[in-house]
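First comes the structure, then the notes that go with it.
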Amino acid sequence: MRTLIMGGTRFVGRHIAAAALAAGHDVTLVHRGRSGADLFPQATHRLLDRDGELDALRGTRWDTVIDVNAYLPRQVTSLGEALGDGAGRYVFISSTSVYAPPAEPGFDESSPLLTLPPGPVPDVVTDQTYGPLKVLCEEAARAHFGPDTLVVRPTYVVGPFDHSGRFTYWVKRLARGGEVLAPGYPDRAIQLVDARDLAAFALTPIGGTFHAAGRHLSFAEMLDAVAAEVASAGTTLTWVDPQFLLDAGEDGRTIPLWYAGEDGDAAINTADPAAAIAAGLRLRPLAESIRDVLGEPDKPGLLPAAREAGLLAKWSGR
């Protein structure tokens with residue numbers, strides 16, 4: 001099985017590459033060489049910038065092409081034009097961020113999608129354009145690679161080698177113990193999938209569009225699950241009002257996985273994974289994901305211990 005992976009050296013792509021190699025695929029990774037260039041010596045590495053010239057891929061033939069790092073529709077289009085009819089089966093890693101809020105809790109893959117306003121397609125990915133640009137990427141994928149394209153829409157992806165450190169923050173913070181700042185609302189939905197389970201599903205020889213997601217939890221349930229695995233005696237959660245945190249200048253960039261928007265928008269974290277599970281998605285216990293990221297490095301920029309302590313002191317003294 002000749003498999004071309006666009007990316008393949010960071011987090012989700014890294015796990016897909018590892019899964020493909022473990023399955024005996026002849027793997028070629030296309031990346032810029034800026035990270036993970038020393039990974040997977042048994043794979044072929046093609047150092048190309050997908051935003052530059054892809055002529056080196058013309059005339060090549062593959063059984064499967066897995067596209068991990070396309071965020072703009074022109075990137076999918078240029079890859080399709082370069083590969084022509086040599087792509088074989090195409091897999092596009094998308095996101096549940098493609099859905100228009102408010103999605104109903106437990107929504108399926110037919111839920112309404114985001115659209116861009118009239119005008120030129122933006123060439124910059126922002127919090128506002130990320131979702132609708134992924135929608136256009138999906139459309140470009142089907143246009144160039146056919147209706148049998150596999151589109152995988154994951155929720156929050158967790159697991160080893162996560163450069164965002166979002167879930168890892170909570171594992172390591174609760175492992176340190178003491179009083180832990182927990183951002184309200186405790187009942188807001190959160191939905192996770194381990195990158196290794198996503199990777200295995202991406203290799204499934206099927207077409208269609210599927211959610212890659214575990215069952216949705218409340219934020220409190222997620223933190224309780226983490227605490228049950230790693231927290232020491234005496235560890236406590238202090239739930240802090242979201243407006244207090246917003247007024248203090250905190251947001252989801254510093255307090256990871258926290259979402260303080262409107263209630264309706266939070267339903268985006270309740271995607272129904274039933275179709276993917278029926279098609280072969282296998283989900284490992286969350287406890288395994290928790291244990292496997294405990295030794296990961298801290299991510300700079302997330303809530304520092306001194307800042308957390310200061311916020312807890314102000315909250316207690318209000």
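Residue numbers start at 1 in each chain; chains themselves are named A, B, ... in the order of the structure tokens; ligands are numbered from 1 in the order shown.
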Dump as a Markdown table the rows for residues of segment 251-274 of chain A within 12 Å of segment 120-143 of chain A: closest atom pair and distance in Å with one decimal, only C-alpha atoms counted, ordered by chain and rising residue number.
| residue | atom | partner | partner_atom | distance |
| --- | --- | --- | --- | --- |
| A:Gly252 | CA | A:Asp127 | CA | 11.8 |
| A:Arg253 | CA | A:Asp127 | CA | 11.6 |
| A:Ile268 | CA | A:Gly131 | CA | 11.8 |
Go through segment 194-257 of chain A residue by residue and, counting only C-alpha atoms, keep those with an atom at most 7 Å from segment 270-275 of chain A; for each kept residue give the shortest atom pair and its distance in Å to one decimal, ordered by chain and increasing number, as a tab-separated table.
residue	atom	partner	partner_atom	distance
A:Phe210	CA	A:Ala275	CA	6.4
A:His211	CA	A:Pro273	CA	5.3
A:Ala212	CA	A:Pro273	CA	6.2
A:Ala213	CA	A:Pro273	CA	5.6
A:Gly214	CA	A:Pro273	CA	6.8
A:His216	CA	A:Thr270	CA	5.4
Next, the residues of the selection above should be written as a PDB file, in the first residue's frame with all heavy atoms.
ATOM      1  N   PHE A 210     -17.442  11.650   8.442  1.00  0.00           N
ATOM      2  CA  PHE A 210     -17.644  11.067   9.768  1.00  0.00           C
ATOM      3  C   PHE A 210     -17.058  11.956  10.857  1.00  0.00           C
ATOM      4  O   PHE A 210     -16.013  12.571  10.674  1.00  0.00           O
ATOM      5  CB  PHE A 210     -16.953   9.694   9.852  1.00  0.00           C
ATOM      6  CG  PHE A 210     -17.469   8.673   8.878  1.00  0.00           C
ATOM      7  CD1 PHE A 210     -16.869   8.540   7.631  1.00  0.00           C
ATOM      8  CD2 PHE A 210     -18.540   7.859   9.204  1.00  0.00           C
ATOM      9  CE1 PHE A 210     -17.331   7.608   6.727  1.00  0.00           C
ATOM     10  CE2 PHE A 210     -19.013   6.913   8.304  1.00  0.00           C
ATOM     11  CZ  PHE A 210     -18.409   6.783   7.064  1.00  0.00           C
ATOM     12  N   HIS A 211     -17.753  11.960  12.009  1.00  0.00           N
ATOM     13  CA  HIS A 211     -17.190  12.568  13.212  1.00  0.00           C
ATOM     14  C   HIS A 211     -16.202  11.601  13.849  1.00  0.00           C
ATOM     15  O   HIS A 211     -16.505  10.419  14.017  1.00  0.00           O
ATOM     16  CB  HIS A 211     -18.285  12.853  14.239  1.00  0.00           C
ATOM     17  CG  HIS A 211     -19.284  13.861  13.796  1.00  0.00           C
ATOM     18  ND1 HIS A 211     -20.590  13.876  14.226  1.00  0.00           N
ATOM     19  CD2 HIS A 211     -19.165  14.914  12.938  1.00  0.00           C
ATOM     20  CE1 HIS A 211     -21.239  14.880  13.675  1.00  0.00           C
ATOM     21  NE2 HIS A 211     -20.383  15.522  12.883  1.00  0.00           N
ATOM     22  N   ALA A 212     -15.047  12.099  14.217  1.00  0.00           N
ATOM     23  CA  ALA A 212     -14.115  11.334  15.042  1.00  0.00           C
ATOM     24  C   ALA A 212     -14.159  11.957  16.423  1.00  0.00           C
ATOM     25  O   ALA A 212     -13.569  13.014  16.668  1.00  0.00           O
ATOM     26  CB  ALA A 212     -12.707  11.382  14.461  1.00  0.00           C
ATOM     27  N   ALA A 213     -14.889  11.321  17.332  1.00  0.00           N
ATOM     28  CA  ALA A 213     -15.147  11.930  18.631  1.00  0.00           C
ATOM     29  C   ALA A 213     -15.521  10.861  19.643  1.00  0.00           C
ATOM     30  O   ALA A 213     -16.143   9.858  19.296  1.00  0.00           O
ATOM     31  CB  ALA A 213     -16.290  12.943  18.527  1.00  0.00           C
ATOM     32  N   GLY A 214     -15.156  11.105  20.884  1.00  0.00           N
ATOM     33  CA  GLY A 214     -15.674  10.299  21.970  1.00  0.00           C
ATOM     34  C   GLY A 214     -17.007  10.858  22.428  1.00  0.00           C
ATOM     35  O   GLY A 214     -17.505  11.853  21.905  1.00  0.00           O
ATOM     36  N   HIS A 216     -19.558  12.977  24.573  1.00  0.00           N
ATOM     37  CA  HIS A 216     -19.291  14.276  25.175  1.00  0.00           C
ATOM     38  C   HIS A 216     -19.462  14.207  26.687  1.00  0.00           C
ATOM     39  O   HIS A 216     -20.278  13.465  27.222  1.00  0.00           O
ATOM     40  CB  HIS A 216     -20.166  15.364  24.554  1.00  0.00           C
ATOM     41  CG  HIS A 216     -21.633  15.230  24.840  1.00  0.00           C
ATOM     42  ND1 HIS A 216     -22.496  14.554  24.021  1.00  0.00           N
ATOM     43  CD2 HIS A 216     -22.383  15.707  25.866  1.00  0.00           C
ATOM     44  CE1 HIS A 216     -23.716  14.611  24.509  1.00  0.00           C
ATOM     45  NE2 HIS A 216     -23.680  15.301  25.625  1.00  0.00           N
TER      46      HIS A 216
END
Which distance in Å separates atom CA of Pro147 of chain A and atom CA of Tyr90 of chain A, to one decimal?
-> 9.8 Å
Name the residues of segment 6-224 of chain A that fall into strand (DSSP E or B) according to DSSP on the backbone, using the chain letters and numbers of this document, as a ChimeraX atom specification.
-> /A:6,26-31,44-47,64-67,89-93,99,113,150-154,156-158,179-183,189-190,192-194,208-212,217-218
Write out as a ChimeraX atom specification which residues come within 10 Å of His15 of chain A when counting only C-alpha atoms, dropping same-chain ones fewer than 2 positions away.
-> /A:8-13,17-21,159-161,194-200
Serialized selection, N, CA, C and O atoms, as a compact mmCIF listing (two decimals), in the first residue's frame:
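The resulting file, selection20.txt, is shown below:
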# COMPACT_ATOMS: atom_id res chain seq x y z
N GLY A 8 2.53 14.83 8.44
CA GLY A 8 3.00 13.55 8.97
C GLY A 8 4.10 13.62 10.00
O GLY A 8 4.64 12.59 10.40
N THR A 9 4.45 14.83 10.44
CA THR A 9 5.53 14.95 11.43
C THR A 9 5.12 15.69 12.70
O THR A 9 5.93 15.82 13.61
N ARG A 10 3.86 16.17 12.76
CA ARG A 10 3.40 16.86 13.97
C ARG A 10 2.06 16.28 14.40
O ARG A 10 1.15 16.14 13.59
N PHE A 11 1.97 15.93 15.63
CA PHE A 11 0.78 15.49 16.34
C PHE A 11 -0.11 14.55 15.52
O PHE A 11 0.23 13.38 15.35
N VAL A 12 -1.24 15.04 14.97
CA VAL A 12 -2.16 14.14 14.28
C VAL A 12 -1.46 13.45 13.11
O VAL A 12 -1.55 12.23 12.93
N GLY A 13 -0.74 14.22 12.30
CA GLY A 13 -0.04 13.62 11.17
C GLY A 13 1.01 12.62 11.60
O GLY A 13 1.20 11.58 10.96
N ALA A 17 1.09 8.78 10.42
CA ALA A 17 2.27 8.17 9.81
C ALA A 17 2.69 6.91 10.57
O ALA A 17 3.01 5.88 9.97
N ALA A 18 2.69 6.99 11.90
CA ALA A 18 3.07 5.83 12.70
C ALA A 18 2.11 4.66 12.47
O ALA A 18 2.54 3.50 12.36
N ALA A 19 0.81 4.97 12.38
CA ALA A 19 -0.17 3.91 12.17
C ALA A 19 -0.02 3.28 10.80
O ALA A 19 -0.13 2.06 10.64
N ALA A 20 0.23 4.11 9.79
CA ALA A 20 0.40 3.59 8.43
C ALA A 20 1.64 2.71 8.34
O ALA A 20 1.62 1.63 7.73
N LEU A 21 2.72 3.12 8.96
CA LEU A 21 3.95 2.32 8.94
C LEU A 21 3.74 1.01 9.69
O LEU A 21 4.19 -0.05 9.25
N GLY A 159 -3.73 13.51 23.24
CA GLY A 159 -2.81 12.39 23.17
C GLY A 159 -1.36 12.85 23.15
O GLY A 159 -1.05 14.05 23.17
N PRO A 160 -0.43 11.90 23.09
CA PRO A 160 1.00 12.24 23.09
C PRO A 160 1.38 13.12 21.90
O PRO A 160 0.78 13.04 20.83
N PHE A 161 2.37 13.97 22.13
CA PHE A 161 2.98 14.85 21.12
C PHE A 161 2.07 16.00 20.70
O PHE A 161 2.30 16.61 19.65
N ASP A 194 -8.72 10.67 21.04
CA ASP A 194 -7.29 10.45 21.08
C ASP A 194 -6.75 10.42 19.65
O ASP A 194 -7.34 9.81 18.75
N ALA A 195 -5.62 11.10 19.44
CA ALA A 195 -5.04 11.18 18.09
C ALA A 195 -4.74 9.81 17.51
O ALA A 195 -4.80 9.62 16.29
N ARG A 196 -4.42 8.85 18.35
CA ARG A 196 -4.11 7.51 17.87
C ARG A 196 -5.36 6.80 17.34
O ARG A 196 -5.29 6.03 16.37
N ASP A 197 -6.51 7.08 17.96
CA ASP A 197 -7.76 6.51 17.46
C ASP A 197 -8.19 7.19 16.16
O ASP A 197 -8.67 6.54 15.23
N LEU A 198 -8.00 8.50 16.09
CA LEU A 198 -8.24 9.23 14.85
C LEU A 198 -7.36 8.70 13.73
O LEU A 198 -7.81 8.49 12.59
N ALA A 199 -6.08 8.45 14.03
CA ALA A 199 -5.14 7.96 13.02
C ALA A 199 -5.57 6.60 12.49
O ALA A 199 -5.55 6.37 11.27
N ALA A 200 -5.95 5.70 13.37
CA ALA A 200 -6.38 4.38 12.93
C ALA A 200 -7.61 4.48 12.04
O ALA A 200 -7.72 3.77 11.03
Take atom CA of Ala22 of chain A and atom CA of Met1 of chain A and report the distance between them in Å, one decimal.
-> 11.9 Å
Considering only C-alpha atoms, give me a table of residues in segment 268-313 of chain A that are at most 12 Å from segment 171-175 of chain A, with the closest atom pair and distance in Å for each, as JSON lines.
{"residue": "A:Leu286", "atom": "CA", "partner": "A:Val171", "partner_atom": "CA", "distance": 11.5}
{"residue": "A:Ala287", "atom": "CA", "partner": "A:Val171", "partner_atom": "CA", "distance": 10.5}
{"residue": "A:Glu288", "atom": "CA", "partner": "A:Val171", "partner_atom": "CA", "distance": 11.7}
{"residue": "A:Ser289", "atom": "CA", "partner": "A:Val171", "partner_atom": "CA", "distance": 9.7}
{"residue": "A:Ile290", "atom": "CA", "partner": "A:Val171", "partner_atom": "CA", "distance": 6.4}
{"residue": "A:Arg291", "atom": "CA", "partner": "A:Val171", "partner_atom": "CA", "distance": 8.3}
{"residue": "A:Asp292", "atom": "CA", "partner": "A:Val171", "partner_atom": "CA", "distance": 9.8}
{"residue": "A:Val293", "atom": "CA", "partner": "A:Val171", "partner_atom": "CA", "distance": 7.4}
{"residue": "A:Leu294", "atom": "CA", "partner": "A:Lys172", "partner_atom": "CA", "distance": 5.9}
{"residue": "A:Gly295", "atom": "CA", "partner": "A:Lys172", "partner_atom": "CA", "distance": 8.0}
{"residue": "A:Glu296", "atom": "CA", "partner": "A:Lys172", "partner_atom": "CA", "distance": 8.4}
{"residue": "A:Pro297", "atom": "CA", "partner": "A:Lys172", "partner_atom": "CA", "distance": 9.1}
{"residue": "A:Asp298", "atom": "CA", "partner": "A:Lys172", "partner_atom": "CA", "distance": 8.0}
{"residue": "A:Lys299", "atom": "CA", "partner": "A:Lys172", "partner_atom": "CA", "distance": 10.6}
{"residue": "A:Leu302", "atom": "CA", "partner": "A:Arg173", "partner_atom": "CA", "distance": 10.9}
{"residue": "A:Leu303", "atom": "CA", "partner": "A:Arg173", "partner_atom": "CA", "distance": 9.8}
{"residue": "A:Pro304", "atom": "CA", "partner": "A:Arg173", "partner_atom": "CA", "distance": 10.0}
{"residue": "A:Ala305", "atom": "CA", "partner": "A:Arg173", "partner_atom": "CA", "distance": 8.8}
{"residue": "A:Glu308", "atom": "CA", "partner": "A:Arg173", "partner_atom": "CA", "distance": 10.6}
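Put simply, atom CA of Ala23 of chain A is 28.7 Å away from atom CA of Thr77 of chain A.
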With only C-alpha atoms as the atoms that count, which of A:Ile206, A:Leu257, A:Ala182, A:Ala248 lies nearest to Asp224 of chain A?
->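 Among A:Ile206, A:Leu257, A:Ala182, A:Ala248, it is A:Ala182 that comes nearest to Asp224 of chain A.
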Filtered DSSP result for segment 125-177 of chain A, state helix (DSSP H, G or I), as a ChimeraX atom specification | /A:130-145,166-176
